[in-house]
Structures are given as structure tokens and as C-alpha cells.
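Visitor: Got a structure for you, written out below as C-alpha cells; questions coming shortly.
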Amino acid sequence: MSALFSEEVLRRLERIVHPKHGRSVVELGMVSGIVIRGSNVGFALEVDPGEAQAMEPLRRACEDAVRALPGVTSCTVVLTAERRSGPTAPAAAPSGAPRPAPRSDSKPLVPGVRAIVAVASGKGGVGKSTTAVNLAFGLKTLGLRVGLLDADIYGPSVPRMAGASGRPVSVDGRQLRPLESFGVRCMSMGFLVDEEAPMIWRGPMVQSALQQMLADVDWGELDVMVVDLPPGTGDAQLTMAQRVPLTGAVIVSTPQDIALLDARKAINMFRKVDVPIFGIVENMSYFCCPHCGRRTEIFAHGGARACAERYGVDFLAEIPLDPLIRELSDDGRPVVVADPESPQARAYLDLARSVRDRIEAQLGRPTRRPPEIVWV
């Protein structure tokens, strides 16, 4: 849609009046980050931090107003409550201080999800998303009901890797229905914006988007949700750690020292926010030549295992560097689905079994486990 349509969105929003200030949300400068893709419209609504909960009816009114425009089939509005600097703003907690007790005073964002596993890395380029996608489909192969949340707002890659396309729809006008790929329910910002569109969003907007992809999506009953976190230790990681009861975290790293430096940061971050660490995965651990079978350790080898021993966490798996994994990921067919009997798929399935066992140990009772499923 054209820039002219953005003006139509703003004109429609001029009818929505802030209940306290008596002026429209456009006049108050509350509307930002309008993104239009096909018949879907999304934008952020900036509100005062102290009014965030009370502004939910205003958010819904904005969604309803834009959804009523001809040609619009869905509208997603996120609240961003950016706290202004000033004497009333609370001081930042000192480094190493325990976090305030989260979650207990709020309604669960995903009440039907039994376990939530975050897949994280200290830096980009280590194959975290590939690991998260194949872990999710591996858990599905083991017979679990699985959801896959792409929490990487700035660089969503789950739609392509999982082979999911299209746009989420809403049945009741309030919650979106996640897309499904090979039996796994998927949700990503990549479903709502153009693949090449940059997400120029500030931290509070990212936090609001994540919360709405959790609370405003009809995930249904799931045994486990796998969350593909963005690299680093920023807003998305803290939002997930503080807003949902993470069952555990899986850290992905390559073997070389420069990647392991950042993996250690991720370990320390999850420890500070009291999230159990299931263990470390060494991705791109080795390369086996498809012609002669010779094994070459391109990025060194064993660094992640040594890191796990040093920090007292489990070493979960060694995943090879292999063209088949890359080719199938680019084609939207995870290797666990497309070639389940291959050595590459078996490595991911072993990881899925390890994660499943740690979920059971963490929750103290068996996870639902029907017969294993193999796609052909």
C-alpha cells in the first residue's frame, strides 16, 4: 500500500480521543512506527508508563478503527510505555543485584503452555535460529505439542526456516491464530511485516511486541514453547525472563574463543535472572567432507564443552557444519523434517531428547509423550 494509505490510517486515528487528555492520539503524538504490508497494518501507541494497563481499551479502539478501513483485514497495535528520565524514575538496580519478583502479580501470558524453553546466544552468526527451529521440530517428532516463537524482532528468520508463510488471522478479533508448519505452531514478526522491511523500533516497542505475541496469540495447549531469542543480552531477553516463567535456557555457541566469550555473558545473564540453564550446544562443531569422509574442525573443537565444564552446566550436543542443514533451512524444510534418518537430523533429535528430559526434571513430572512421529 502507498504512503497515501498511511495518511488514511492517521486520519482514521484522529477520531480516537485519549480519555484523560481529551485530544486525539494523533494530535498527542502517540502514534509511531506505522508498518503496512498488504492488507495488514501495524503501529505502536506510546503511552505514559503509569497508564499502560489502563490504556488497553484505547489500544483496542485504535485497532478496531483501523481494521474498519476498506481493504484492511487485520491491525496490530502495540503499547510502548517508555519511561522518561526524571526524579520519579526509579534508579537502575546495581550490577549483580537480585531481580524483583516477576510474574507472580500478573496474569500468565501463555496459560496453556506447560514449558517454555529459550534458545539464546551471546552473539549472532552462530546458528542459533537453525538450532531453535530444528529443536522445535525435534520435540514435535518426539510426540510433544510444540509452539515456536520468533522473538528476534529485528531479524526474524523463523518464517523462512520453518517453511511457514502467510498471515495470521483472528477469529474473534482479539487474538491471532498462529501459523502451523509440519504440526508446529509458529509466530513471528516476519509474518506481519515485509521480509525486507527494517524494524526501526526502540526497546519499549520491542518489549510490547513480544508481550503481545505471547498474550494476544491463541497458542492453545502446548507441552513446550521454543523461543528463538535475538543474539545478545538486551531488552528481548529481559522481557522473556521477567514476563514469562522460563523453564530453562539453551545456549548456542561455535567452538572458537571469540564466540565463547559472548556465550559466557549469556550464561551469566540467565543466572542473574534466575532462569535454569539446560546446557550448551556446540554448533558448527566439525565438518565431514561428503566426498572422502575426512573430518575437519574448521572453528576448532571442544570449546563449548570446556566452557560448560568451567561454568558447571551440561554439554548438550555437537552439531556438525554441513551444507545439507543450510540448504534445507533456506528451503523451509528443517533437516529433522526433511531427512529424519540423516546423521545431521539425529544430532538435533539427540538434543531434543536431552531438552525433553531436562524439562521433565525441572517440572518434576513426565511430559506428554505419545509415539514418536516421523515425516516422510
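So you can find residues: chains in the C-alpha cells are A, B, ... in the order shown, residues in each start at 1, and ligands are numbered from 1 in order.
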Which residues are close to Leu179 (chain A), i.e. within 9 Å by only C-alpha atoms, leaving aside same-chain residues fewer than 4 positions away? Reply as a ChimeraX atom specification.
Guide: /A:164-169,184-187,191
Visitor: Region 242-308 of chain A: which residues are alpha helix (DSSP H) by DSSP, as a list in words?
Guide: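 Written out, the alpha helix (DSSP H) residues of region 242-308 of chain A are Gln242, Arg243, Asp257, Ile258, Ala259, Leu260, Leu261, Asp262, Ala263, Arg264, Lys265, Ala266, Ile267, Asn268, Met269, Phe270, Arg271, Lys272, Gly303, Ala304, Arg305, Ala306, Cys307 and Ala308 of chain A.
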Visitor: Using N, CA and C atoms, can you write the selected residues to a file as an mmCIF file, in the first residue's frame?
Guide:
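Written output follows (part17.cif):
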data_model
loop_
_atom_site.group_PDB
_atom_site.id
_atom_site.type_symbol
_atom_site.label_atom_id
_atom_site.label_comp_id
_atom_site.auth_asym_id
_atom_site.auth_seq_id
_atom_site.Cartn_x
_atom_site.Cartn_y
_atom_site.Cartn_z
ATOM 1 N N GLN A 242 11.487 -11.929 32.583
ATOM 2 C CA GLN A 242 10.701 -11.311 33.635
ATOM 3 C C GLN A 242 9.203 -11.449 33.439
ATOM 4 N N ARG A 243 8.741 -11.703 32.207
ATOM 5 C CA ARG A 243 7.309 -11.719 31.962
ATOM 6 C C ARG A 243 6.725 -13.118 31.836
ATOM 7 N N ASP A 257 37.079 -19.218 20.489
ATOM 8 C CA ASP A 257 37.115 -18.423 21.714
ATOM 9 C C ASP A 257 36.267 -17.165 21.623
ATOM 10 N N ILE A 258 36.271 -16.494 20.471
ATOM 11 C CA ILE A 258 35.557 -15.222 20.364
ATOM 12 C C ILE A 258 34.050 -15.409 20.547
ATOM 13 N N ALA A 259 33.523 -16.547 20.101
ATOM 14 C CA ALA A 259 32.094 -16.826 20.288
ATOM 15 C C ALA A 259 31.813 -17.245 21.727
ATOM 16 N N LEU A 260 32.736 -17.984 22.312
ATOM 17 C CA LEU A 260 32.530 -18.459 23.682
ATOM 18 C C LEU A 260 32.571 -17.324 24.686
ATOM 19 N N LEU A 261 33.311 -16.243 24.388
ATOM 20 C CA LEU A 261 33.300 -15.081 25.277
ATOM 21 C C LEU A 261 31.886 -14.553 25.449
ATOM 22 N N ASP A 262 31.138 -14.471 24.345
ATOM 23 C CA ASP A 262 29.773 -13.974 24.419
ATOM 24 C C ASP A 262 28.820 -15.019 24.981
ATOM 25 N N ALA A 263 29.104 -16.294 24.771
ATOM 26 C CA ALA A 263 28.273 -17.339 25.362
ATOM 27 C C ALA A 263 28.332 -17.269 26.883
ATOM 28 N N ARG A 264 29.492 -16.943 27.418
ATOM 29 C CA ARG A 264 29.624 -16.811 28.873
ATOM 30 C C ARG A 264 28.761 -15.672 29.402
ATOM 31 N N LYS A 265 28.663 -14.597 28.609
ATOM 32 C CA LYS A 265 27.800 -13.484 29.018
ATOM 33 C C LYS A 265 26.344 -13.938 29.092
ATOM 34 N N ALA A 266 25.934 -14.742 28.121
ATOM 35 C CA ALA A 266 24.556 -15.239 28.125
ATOM 36 C C ALA A 266 24.303 -16.130 29.338
ATOM 37 N N ILE A 267 25.271 -16.979 29.665
ATOM 38 C CA ILE A 267 25.135 -17.827 30.850
ATOM 39 C C ILE A 267 24.960 -16.972 32.098
ATOM 40 N N ASN A 268 25.813 -15.978 32.256
ATOM 41 C CA ASN A 268 25.747 -15.128 33.449
ATOM 42 C C ASN A 268 24.459 -14.323 33.505
ATOM 43 N N MET A 269 23.947 -13.895 32.330
ATOM 44 C CA MET A 269 22.699 -13.146 32.321
ATOM 45 C C MET A 269 21.549 -14.005 32.829
ATOM 46 N N PHE A 270 21.416 -15.231 32.314
ATOM 47 C CA PHE A 270 20.315 -16.085 32.750
ATOM 48 C C PHE A 270 20.446 -16.449 34.227
ATOM 49 N N ARG A 271 21.658 -16.592 34.711
ATOM 50 C CA ARG A 271 21.831 -16.866 36.131
ATOM 51 C C ARG A 271 21.379 -15.689 36.985
ATOM 52 N N LYS A 272 21.649 -14.473 36.526
ATOM 53 C CA LYS A 272 21.249 -13.296 37.304
ATOM 54 C C LYS A 272 19.737 -13.139 37.376
ATOM 55 N N GLY A 303 35.513 -26.337 22.464
ATOM 56 C CA GLY A 303 35.473 -25.126 23.278
ATOM 57 C C GLY A 303 34.205 -25.004 24.091
ATOM 58 N N ALA A 304 33.059 -25.364 23.497
ATOM 59 C CA ALA A 304 31.795 -25.269 24.224
ATOM 60 C C ALA A 304 31.729 -26.278 25.366
ATOM 61 N N ARG A 305 32.285 -27.472 25.139
ATOM 62 C CA ARG A 305 32.310 -28.469 26.209
ATOM 63 C C ARG A 305 33.165 -27.969 27.380
ATOM 64 N N ALA A 306 34.319 -27.371 27.068
ATOM 65 C CA ALA A 306 35.179 -26.838 28.124
ATOM 66 C C ALA A 306 34.495 -25.694 28.867
ATOM 67 N N CYS A 307 33.753 -24.874 28.117
ATOM 68 C CA CYS A 307 33.009 -23.773 28.743
ATOM 69 C C CYS A 307 31.933 -24.317 29.679
ATOM 70 N N ALA A 308 31.259 -25.367 29.243
ATOM 71 C CA ALA A 308 30.226 -25.974 30.084
ATOM 72 C C ALA A 308 30.823 -26.506 31.377
#
Visitor: Could you state the separation of CA of Gly279 (chain A) and CA of Met225 (chain A) in Å, given to one decimal place?
Guide: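 One can read the CA of Gly279 (chain A) to CA of Met225 (chain A) distance as 17.2 Å.
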Visitor: What does the structure give for the distance between CA of Arg295 (chain A) and CA of Gln344 (chain A), in Å to one decimal?
Guide: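 Between CA of Arg295 (chain A) and CA of Gln344 (chain A) the gap works out to 14.2 Å.
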Visitor: As an exercise, work out the distance from CA of Tyr286 (chain A) to CA of Tyr348 (chain A) in Å and give it to one decimal place.
Guide: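 CA of Tyr348 (chain A) lies at a distance of 14.6 Å from CA of Tyr286 (chain A).
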Visitor: Could you pull the residues within 10 Å of Asp339 (chain A), counting only C-alpha atoms, minus those fewer than 2 positions along the same chain, as a PyMOL selection string?
Guide: chain A and resi 324-325+328+333-337+341-346+374-376
Visitor: Using only C-alpha atoms, can you tell me which of A:Ile16, A:Pro111, A:Thr130, A:Ser188 comes closest to Leu176 (chain A)?
Guide: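 Answer, going by the shortest atom-to-atom distance: A:Ser188.
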Visitor: With distances taken over only C-alpha atoms, which of A:His21, A:Glu51, A:Leu135, A:Gly71 is nearest to Ala352 (chain A)?
Guide: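 That would be A:Leu135, the residue with the smallest distance to Ala352 (chain A).
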